[in-house]
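File shown: final.csv. Contents: CSV, C-alpha atoms.
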```csv
chain,number,residue,atom,x,y,z
A,6,MET,CA,-0.5,70.0,80.6
A,7,GLU,CA,-0.3,66.4,79.5
A,8,SER,CA,-3.5,66.7,77.5
A,9,LYS,CA,-2.1,69.6,75.6
A,10,VAL,CA,1.0,67.5,74.7
A,11,GLU,CA,-1.2,64.7,73.5
A,12,ASN,CA,-3.2,67.0,71.3
A,13,VAL,CA,-0.1,68.4,69.7
A,14,ASP,CA,1.2,64.8,69.0
A,15,LYS,CA,-2.1,63.9,67.3
A,16,LYS,CA,-1.9,66.9,65.1
A,17,TYR,CA,1.6,66.0,64.0
A,18,VAL,CA,0.5,62.4,63.3
A,19,ASN,CA,-2.5,63.6,61.3
A,20,PHE,CA,-0.4,66.1,59.4
A,21,THR,CA,2.2,63.4,58.5
A,22,ALA,CA,-0.4,61.0,57.3
A,23,ILE,CA,-2.1,63.7,55.1
A,24,ALA,CA,1.3,64.6,53.7
A,25,ILE,CA,2.1,61.0,52.8
A,26,VAL,CA,-1.2,60.6,51.0
A,27,ILE,CA,-0.7,63.8,49.1
A,28,GLY,CA,2.8,62.8,48.1
A,29,LEU,CA,1.6,59.4,46.8
A,30,MET,CA,-1.1,61.1,44.7
A,31,LEU,CA,1.4,63.5,43.2
A,32,ALA,CA,3.8,60.7,42.4
A,33,ILE,CA,1.1,58.7,40.6
A,34,GLN,CA,0.0,61.7,38.7
A,35,PHE,CA,3.6,62.5,37.7
A,36,GLN,CA,4.2,58.9,36.5
A,37,THR,CA,1.0,59.0,34.4
A,38,VAL,CA,2.1,62.3,32.8
A,39,GLN,CA,5.6,60.9,32.1
A,40,GLU,CA,4.4,57.7,30.3
A,41,PRO,CA,2.9,58.5,26.9
A,42,ILE,CA,-0.2,56.7,25.7
A,43,VAL,CA,0.7,54.2,22.9
A,44,ARG,CA,-1.5,54.7,20.0
A,45,ASP,CA,-2.1,52.5,16.9
A,46,THR,CA,-0.3,54.3,14.1
A,47,ARG,CA,-1.1,51.8,11.3
A,48,ASP,CA,-3.0,53.1,8.3
A,49,THR,CA,-6.1,51.6,6.7
A,50,TRP,CA,-4.1,49.4,4.2
A,51,GLN,CA,-1.9,47.9,6.9
A,52,LEU,CA,-4.9,47.1,9.0
A,53,ARG,CA,-6.6,45.5,6.0
A,54,GLU,CA,-3.4,43.4,5.3
A,55,ASP,CA,-3.2,42.3,8.9
A,56,TYR,CA,-6.9,41.4,8.9
A,57,LEU,CA,-6.4,39.3,5.7
A,58,LYS,CA,-3.4,37.5,7.2
A,59,GLU,CA,-5.4,36.7,10.4
A,60,LYS,CA,-8.3,35.5,8.2
A,61,GLU,CA,-6.0,33.2,6.2
A,62,ILE,CA,-4.5,31.8,9.4
A,63,HIS,CA,-8.0,31.2,10.7
A,64,SER,CA,-9.0,29.4,7.4
A,65,LYS,CA,-5.9,27.1,7.6
A,66,LEU,CA,-6.7,26.2,11.2
A,67,LEU,CA,-10.3,25.3,10.2
A,68,LYS,CA,-9.0,23.1,7.3
A,69,GLU,CA,-6.6,21.3,9.7
A,70,ILE,CA,-9.4,20.8,12.2
A,71,ARG,CA,-11.7,19.4,9.5
A,72,ALA,CA,-8.9,17.1,8.2
A,73,ASN,CA,-8.3,15.8,11.6
A,74,GLU,CA,-12.0,15.2,12.2
A,75,GLU,CA,-12.2,13.2,8.9
A,76,ILE,CA,-9.2,11.1,10.0
A,77,LEU,CA,-10.8,10.4,13.4
A,78,ALA,CA,-14.1,9.6,11.7
A,79,LYS,CA,-12.3,7.2,9.3
A,80,TYR,CA,-10.5,5.5,12.3
A,81,GLU,CA,-13.8,5.2,14.1
A,82,THR,CA,-15.4,3.6,11.0
A,83,GLU,CA,-12.6,1.1,10.6
A,84,ARG,CA,-12.8,0.3,14.3
A,85,GLN,CA,-16.5,-0.4,14.1
A,86,GLN,CA,-16.1,-2.8,11.1
A,87,SER,CA,-17.2,-6.3,12.0
A,88,LYS,CA,-14.8,-9.2,12.4
A,89,GLU,CA,-16.7,-10.9,9.7
A,90,GLN,CA,-15.6,-8.3,7.1
A,91,VAL,CA,-12.0,-8.6,8.2
A,92,LEU,CA,-12.2,-12.4,7.9
A,93,ARG,CA,-13.8,-12.1,4.5
A,94,GLU,CA,-11.0,-9.9,3.2
A,95,THR,CA,-8.4,-12.2,4.7
A,96,LEU,CA,-10.1,-15.2,3.0
A,97,ASP,CA,-10.1,-13.4,-0.4
A,98,GLU,CA,-6.4,-12.7,0.0
A,99,LEU,CA,-5.6,-16.3,0.8
A,100,LYS,CA,-7.7,-17.5,-2.1
A,101,MET,CA,-5.7,-15.3,-4.5
A,102,GLN,CA,-2.4,-16.5,-3.0
A,103,ALA,CA,-3.6,-20.1,-3.3
A,104,GLY,CA,-4.5,-19.6,-7.0
A,105,LEU,CA,-8.3,-19.9,-6.6
A,106,THR,CA,-9.0,-16.6,-8.3
A,107,GLU,CA,-8.6,-15.4,-11.8
A,108,ILE,CA,-5.6,-13.0,-12.4
A,109,THR,CA,-5.1,-10.3,-15.0
A,110,GLY,CA,-1.8,-8.5,-15.2
A,111,PRO,CA,1.4,-7.6,-17.1
A,112,GLY,CA,3.2,-10.6,-18.6
A,113,ILE,CA,3.9,-12.7,-21.7
A,114,VAL,CA,2.4,-15.7,-23.5
A,115,LEU,CA,4.5,-18.6,-24.8
A,116,SER,CA,3.2,-20.9,-27.5
A,117,ILE,CA,4.7,-24.4,-27.9
A,118,GLU,CA,4.0,-26.1,-31.3
A,119,PRO,CA,5.7,-28.7,-33.5
A,120,ALA,CA,8.7,-27.7,-35.6
A,121,PHE,CA,7.5,-29.4,-38.8
A,122,GLU,CA,10.9,-29.0,-40.5
A,123,GLU,CA,12.4,-31.3,-38.0
A,124,ILE,CA,9.7,-34.0,-38.3
A,125,LEU,CA,10.5,-36.9,-40.6
A,126,LEU,CA,7.9,-38.1,-42.9
A,127,GLY,CA,5.8,-40.9,-41.4
A,128,GLN,CA,7.0,-40.1,-37.8
A,129,PRO,CA,4.3,-39.5,-35.1
A,130,ALA,CA,3.6,-35.9,-34.0
A,131,PRO,CA,6.0,-34.8,-31.2
A,132,THR,CA,4.9,-34.5,-27.6
A,133,ILE,CA,6.4,-32.4,-24.8
A,134,SER,CA,8.4,-34.3,-22.2
A,135,PRO,CA,7.6,-33.5,-18.5
A,136,ASP,CA,11.3,-33.0,-17.6
A,137,LEU,CA,11.8,-30.3,-20.3
A,138,LEU,CA,8.5,-28.7,-19.4
A,139,LYS,CA,9.6,-28.5,-15.7
A,140,ARG,CA,12.9,-26.9,-16.7
A,141,LEU,CA,11.0,-24.3,-18.7
A,142,ILE,CA,8.7,-23.6,-15.7
A,143,ASN,CA,11.7,-23.3,-13.4
A,144,GLU,CA,13.3,-20.8,-15.7
A,145,LEU,CA,10.1,-18.7,-15.7
A,146,ASN,CA,10.0,-18.8,-11.9
A,147,MET,CA,13.7,-17.7,-11.7
A,148,SER,CA,12.7,-14.7,-13.8
A,149,ASN,CA,10.2,-13.4,-11.3
A,150,ALA,CA,7.1,-15.1,-12.6
A,151,LEU,CA,4.2,-14.6,-10.1
A,152,TYR,CA,1.4,-16.7,-11.8
A,153,ILE,CA,1.6,-19.3,-14.5
A,154,SER,CA,-0.9,-21.4,-16.4
A,155,ILE,CA,-0.3,-24.2,-18.9
A,156,ASP,CA,-2.9,-25.1,-21.5
A,157,GLY,CA,-5.6,-23.4,-19.3
A,158,GLN,CA,-4.4,-25.1,-16.1
A,159,ARG,CA,-3.3,-22.9,-13.3
A,160,LEU,CA,-0.1,-23.8,-11.6
A,161,ILE,CA,-0.1,-23.8,-7.8
A,162,ASN,CA,2.2,-25.1,-5.1
A,163,THR,CA,0.8,-28.6,-5.2
A,164,THR,CA,0.8,-28.9,-9.0
A,165,VAL,CA,2.2,-32.1,-10.4
A,166,ILE,CA,3.7,-32.5,-13.8
A,167,ARG,CA,4.5,-36.1,-14.8
A,168,ASP,CA,4.4,-38.8,-17.5
A,169,ILE,CA,1.5,-41.2,-17.3
A,170,ASN,CA,1.4,-43.9,-20.0
A,171,ASP,CA,3.7,-41.9,-22.3
A,172,VAL,CA,1.4,-38.8,-21.9
A,173,THR,CA,2.6,-35.7,-20.1
A,174,LYS,CA,0.0,-34.5,-17.7
A,175,ILE,CA,-0.4,-31.6,-15.4
A,176,ASP,CA,-2.7,-32.4,-12.4
A,177,GLY,CA,-4.4,-35.1,-14.5
A,178,HIS,CA,-4.8,-32.8,-17.6
A,179,SER,CA,-3.2,-34.3,-20.8
A,180,LEU,CA,-0.8,-32.1,-22.8
A,181,ASN,CA,-0.8,-34.2,-25.9
A,182,ASP,CA,-2.7,-31.8,-28.1
A,183,LEU,CA,-0.4,-29.2,-29.6
A,184,PRO,CA,0.0,-26.2,-29.7
A,185,ILE,CA,-0.3,-25.4,-26.0
A,186,GLU,CA,0.0,-21.9,-24.4
A,187,ILE,CA,1.9,-21.0,-21.3
A,188,ARG,CA,0.7,-17.7,-19.8
A,189,VAL,CA,2.9,-15.8,-17.3
A,190,VAL,CA,2.0,-12.8,-15.2
A,191,VAL,CA,4.7,-10.7,-13.4
A,192,GLU,CA,4.5,-7.7,-11.0
A,193,ASN,CA,4.9,-4.9,-13.6
A,194,MET,CA,5.6,-4.1,-17.2
A,195,LYS,CA,9.3,-3.6,-16.5
A,196,LEU,CA,9.6,-7.2,-15.3
A,197,ALA,CA,7.5,-8.3,-18.2
A,198,GLU,CA,10.1,-6.8,-20.6
A,199,LYS,CA,12.8,-8.5,-18.6
A,200,ILE,CA,11.3,-12.0,-18.7
A,201,TYR,CA,10.5,-11.6,-22.4
A,202,ASN,CA,14.2,-10.9,-23.1
A,203,VAL,CA,15.3,-13.8,-20.9
A,204,MET,CA,13.0,-16.2,-22.7
A,205,LEU,CA,14.2,-15.1,-26.1
A,206,ALA,CA,17.6,-16.7,-25.2
A,207,SER,CA,16.0,-19.5,-23.1
A,208,LYS,CA,18.1,-22.7,-22.8
A,209,SER,CA,14.9,-24.7,-22.1
A,210,ALA,CA,13.4,-23.5,-25.3
A,211,GLU,CA,16.5,-24.6,-27.2
A,212,GLU,CA,16.3,-28.1,-25.6
A,213,LEU,CA,12.6,-28.4,-26.5
A,214,TYR,CA,13.6,-27.7,-30.1
A,215,ARG,CA,16.6,-30.1,-30.1
A,216,PHE,CA,15.1,-33.1,-28.2
A,217,ASP,CA,11.3,-32.8,-28.7
A,218,SER,CA,11.2,-31.0,-32.1
A,219,LEU,CA,9.1,-28.3,-30.5
A,220,ARG,CA,9.3,-24.6,-31.2
A,221,VAL,CA,8.6,-22.0,-28.5
A,222,THR,CA,7.1,-18.7,-29.7
A,223,ILE,CA,7.1,-15.8,-27.3
A,224,SER,CA,4.5,-12.9,-27.5
A,225,LYS,CA,5.4,-9.3,-26.9
A,226,PRO,CA,4.8,-8.2,-23.3
A,227,SER,CA,1.2,-7.2,-22.6
A,228,PRO,CA,-0.3,-5.4,-19.6
A,229,ASN,CA,-3.4,-7.6,-19.7
A,230,VAL,CA,-2.5,-11.3,-19.6
A,231,GLU,CA,-5.3,-13.4,-18.2
A,232,ILE,CA,-4.6,-16.5,-16.1
A,233,PRO,CA,-7.6,-18.7,-15.0
A,234,ALA,CA,-8.2,-19.8,-11.5
A,235,TYR,CA,-7.3,-23.3,-10.3
A,236,GLN,CA,-10.3,-25.5,-11.0
A,237,ASN,CA,-9.4,-28.8,-9.3
A,238,THR,CA,-10.0,-29.7,-5.7
A,239,ILE,CA,-7.1,-28.8,-3.4
A,240,ARG,CA,-6.4,-31.9,-1.2
A,241,VAL,CA,-4.8,-31.1,2.2
A,242,GLN,CA,-3.2,-34.1,3.9
A,243,ASN,CA,-1.6,-34.6,7.3
A,244,ILE,CA,-3.4,-31.6,8.9
A,245,GLU,CA,-5.6,-31.8,11.9
A,246,PRO,CA,-7.6,-29.1,13.8
A,247,VAL,CA,-5.9,-27.9,17.0
A,248,GLU,CA,-7.9,-28.7,20.1
A,249,SER,CA,-8.5,-25.6,22.2
A,250,LYS,CA,-7.3,-25.8,25.8
A,251,LYS,CA,-9.3,-24.8,28.9
A,252,GLY,CA,-9.9,-21.2,29.1
A,253,GLY,CA,-10.2,-20.8,25.3
A,254,SER,CA,-6.4,-20.7,24.8
```

For this file, write the structure as structure tokens.
Amino acid sequence: MESKVENVDKKYVNFTAIAIVIGLMLAIQFQTVQEPIVRDTRDTWQLREDYLKEKEIHSKLLKEIRANEEILAKYETERQQSKEQVLRETLDELKMQAGLTEITGPGIVLSIEPAFEEILLGQPAPTISPDLLKRLINELNMSNALYISIDGQRLINTTVIRDINDVTKIDGHSLNDLPIEIRVVVENMKLAEKIYNVMLASKSAEELYRFDSLRVTISKPSPNVEIPAYQNTIRVQNIEPVESKKGGS
């Protein structure tokens, strides 16, 4: 009797399992039927436009990649440059700042010559006084002059203008032969125009005419005014090399 009951229970269990499986299969099939298949409804022209857009984006990305690669290559090249090259460039920059290199740039040229109408007959030819020349140079510096030369002599930070035995000299070079040229270079043509207008009304030029009987003539601004390099030996005093400490510091 018990074995019959067990057989009946197994049949119910098997039937229930089969029913569940069939139900799941029907549910999946019904869900598949309910969800329509999404199809690409774009026509040929739309597909072609989309393709061209994607191609353009791809091309831009390639250009950006190449540009970044070039930048990286440039950085790598700069990194691999020797210390000697960097020192050489630094030395050239210092030479230019010290006045040891020839300079060509925008500026003006001043010519100082005797004003013959002011010279009395039998009087010696006029000479330029160091004080008035210094005033003229200071006026040029205040008008943004970067580089100056006087009678072919480059002015630097250690230049000395003084009277020696009644002769005005600049770093040992005599200025007793007139006319003399003062060449001035500024940063750009706009400043060249400005310094030209300032010197047209120069008080120093008026004083040279009044006291030394000298006339100052100013050329029109030029983009190519040449100034020579400093030719004399630069003497450095009161400077000693620093002794390195232990450990290279």

Pairwise distance for CA of Ile113 (chain A) and CA of Ser227 (chain A), rounded to one decimal in Å: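 Those two atoms sit 6.2 Å apart.
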
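Checking A:Pro111, A:Gly104, A:Pro119, A:Pro233 one by one against Ile185 (chain A), counting all atoms listed in the file, you find the shortest gap at A:Pro119.
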
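Comparing the minimum interatomic distances between Glu144 (chain A) and each of A:Glu107, A:Lys208, A:Thr163, A:Tyr56, counting all atoms listed in the file, we find that A:Lys208 sits nearest.
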
Coordinates-based distance that separates CA of Ala130 (chain A) from CA of Arg215 (chain A) (Å, one decimal): 14.8 Å

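Take CA of Ser179 (chain A) and CA of Leu137 (chain A): the distance between them is 15.5 Å.
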
Pick from A:Asp55, A:Ile62, A:Arg167, A:Glu98 nearest to Ile133 (chain A), counting all atoms listed in the file: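 Looking at the shortest contact to Ile133 (chain A), the residue is A:Arg167.
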
Under the rule of at most 6 Å, produce a per-residue listing of region 96-169 of chain A near region 220-225 of chain A: chain, number, name, the closest pair of atoms, and the distance in Å, as JSON lines, using all atoms listed in the file.
```
{"residue": "A:Ile113", "atom": "CA", "partner": "A:Ser224", "partner_atom": "CA", "distance": 5.8}
{"residue": "A:Val114", "atom": "CA", "partner": "A:Ser224", "partner_atom": "CA", "distance": 5.3}
{"residue": "A:Leu115", "atom": "CA", "partner": "A:Ile223", "partner_atom": "CA", "distance": 4.6}
{"residue": "A:Ser116", "atom": "CA", "partner": "A:Thr222", "partner_atom": "CA", "distance": 5.0}
{"residue": "A:Ile117", "atom": "CA", "partner": "A:Val221", "partner_atom": "CA", "distance": 4.6}
{"residue": "A:Glu118", "atom": "CA", "partner": "A:Arg220", "partner_atom": "CA", "distance": 5.5}
{"residue": "A:Pro119", "atom": "CA", "partner": "A:Arg220", "partner_atom": "CA", "distance": 5.9}
{"residue": "A:Ala120", "atom": "CA", "partner": "A:Arg220", "partner_atom": "CA", "distance": 5.4}
```

Test item: which residues lie within 10 Å of (15.5, -20.9, -21.7) counting only C-alpha atoms, as a VMD selection string: chain A and resid 140 to 145 203 to 213 221

Sel. within 12 Å of pt (-8.4, -30.3, -6.1), counting only C-alpha atoms, output as a list in words: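 Answer for this query, in the requested form: Ala103, Gly104, Leu105, Gln158, Arg159, Leu160, Ile161, Asn162, Thr163, Thr164, Val165, Asp176, Gly177, Ala234, Tyr235, Gln236, Asn237, Thr238, Ile239, Arg240, Val241 and Gln242 of chain A.
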
Minimum-distance residue to Leu196 (chain A), chosen among A:Gly157, A:Pro131, A:Pro184, A:Pro228 (using all atoms listed in the file):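 Nearest to Leu196 (chain A): A:Pro228.
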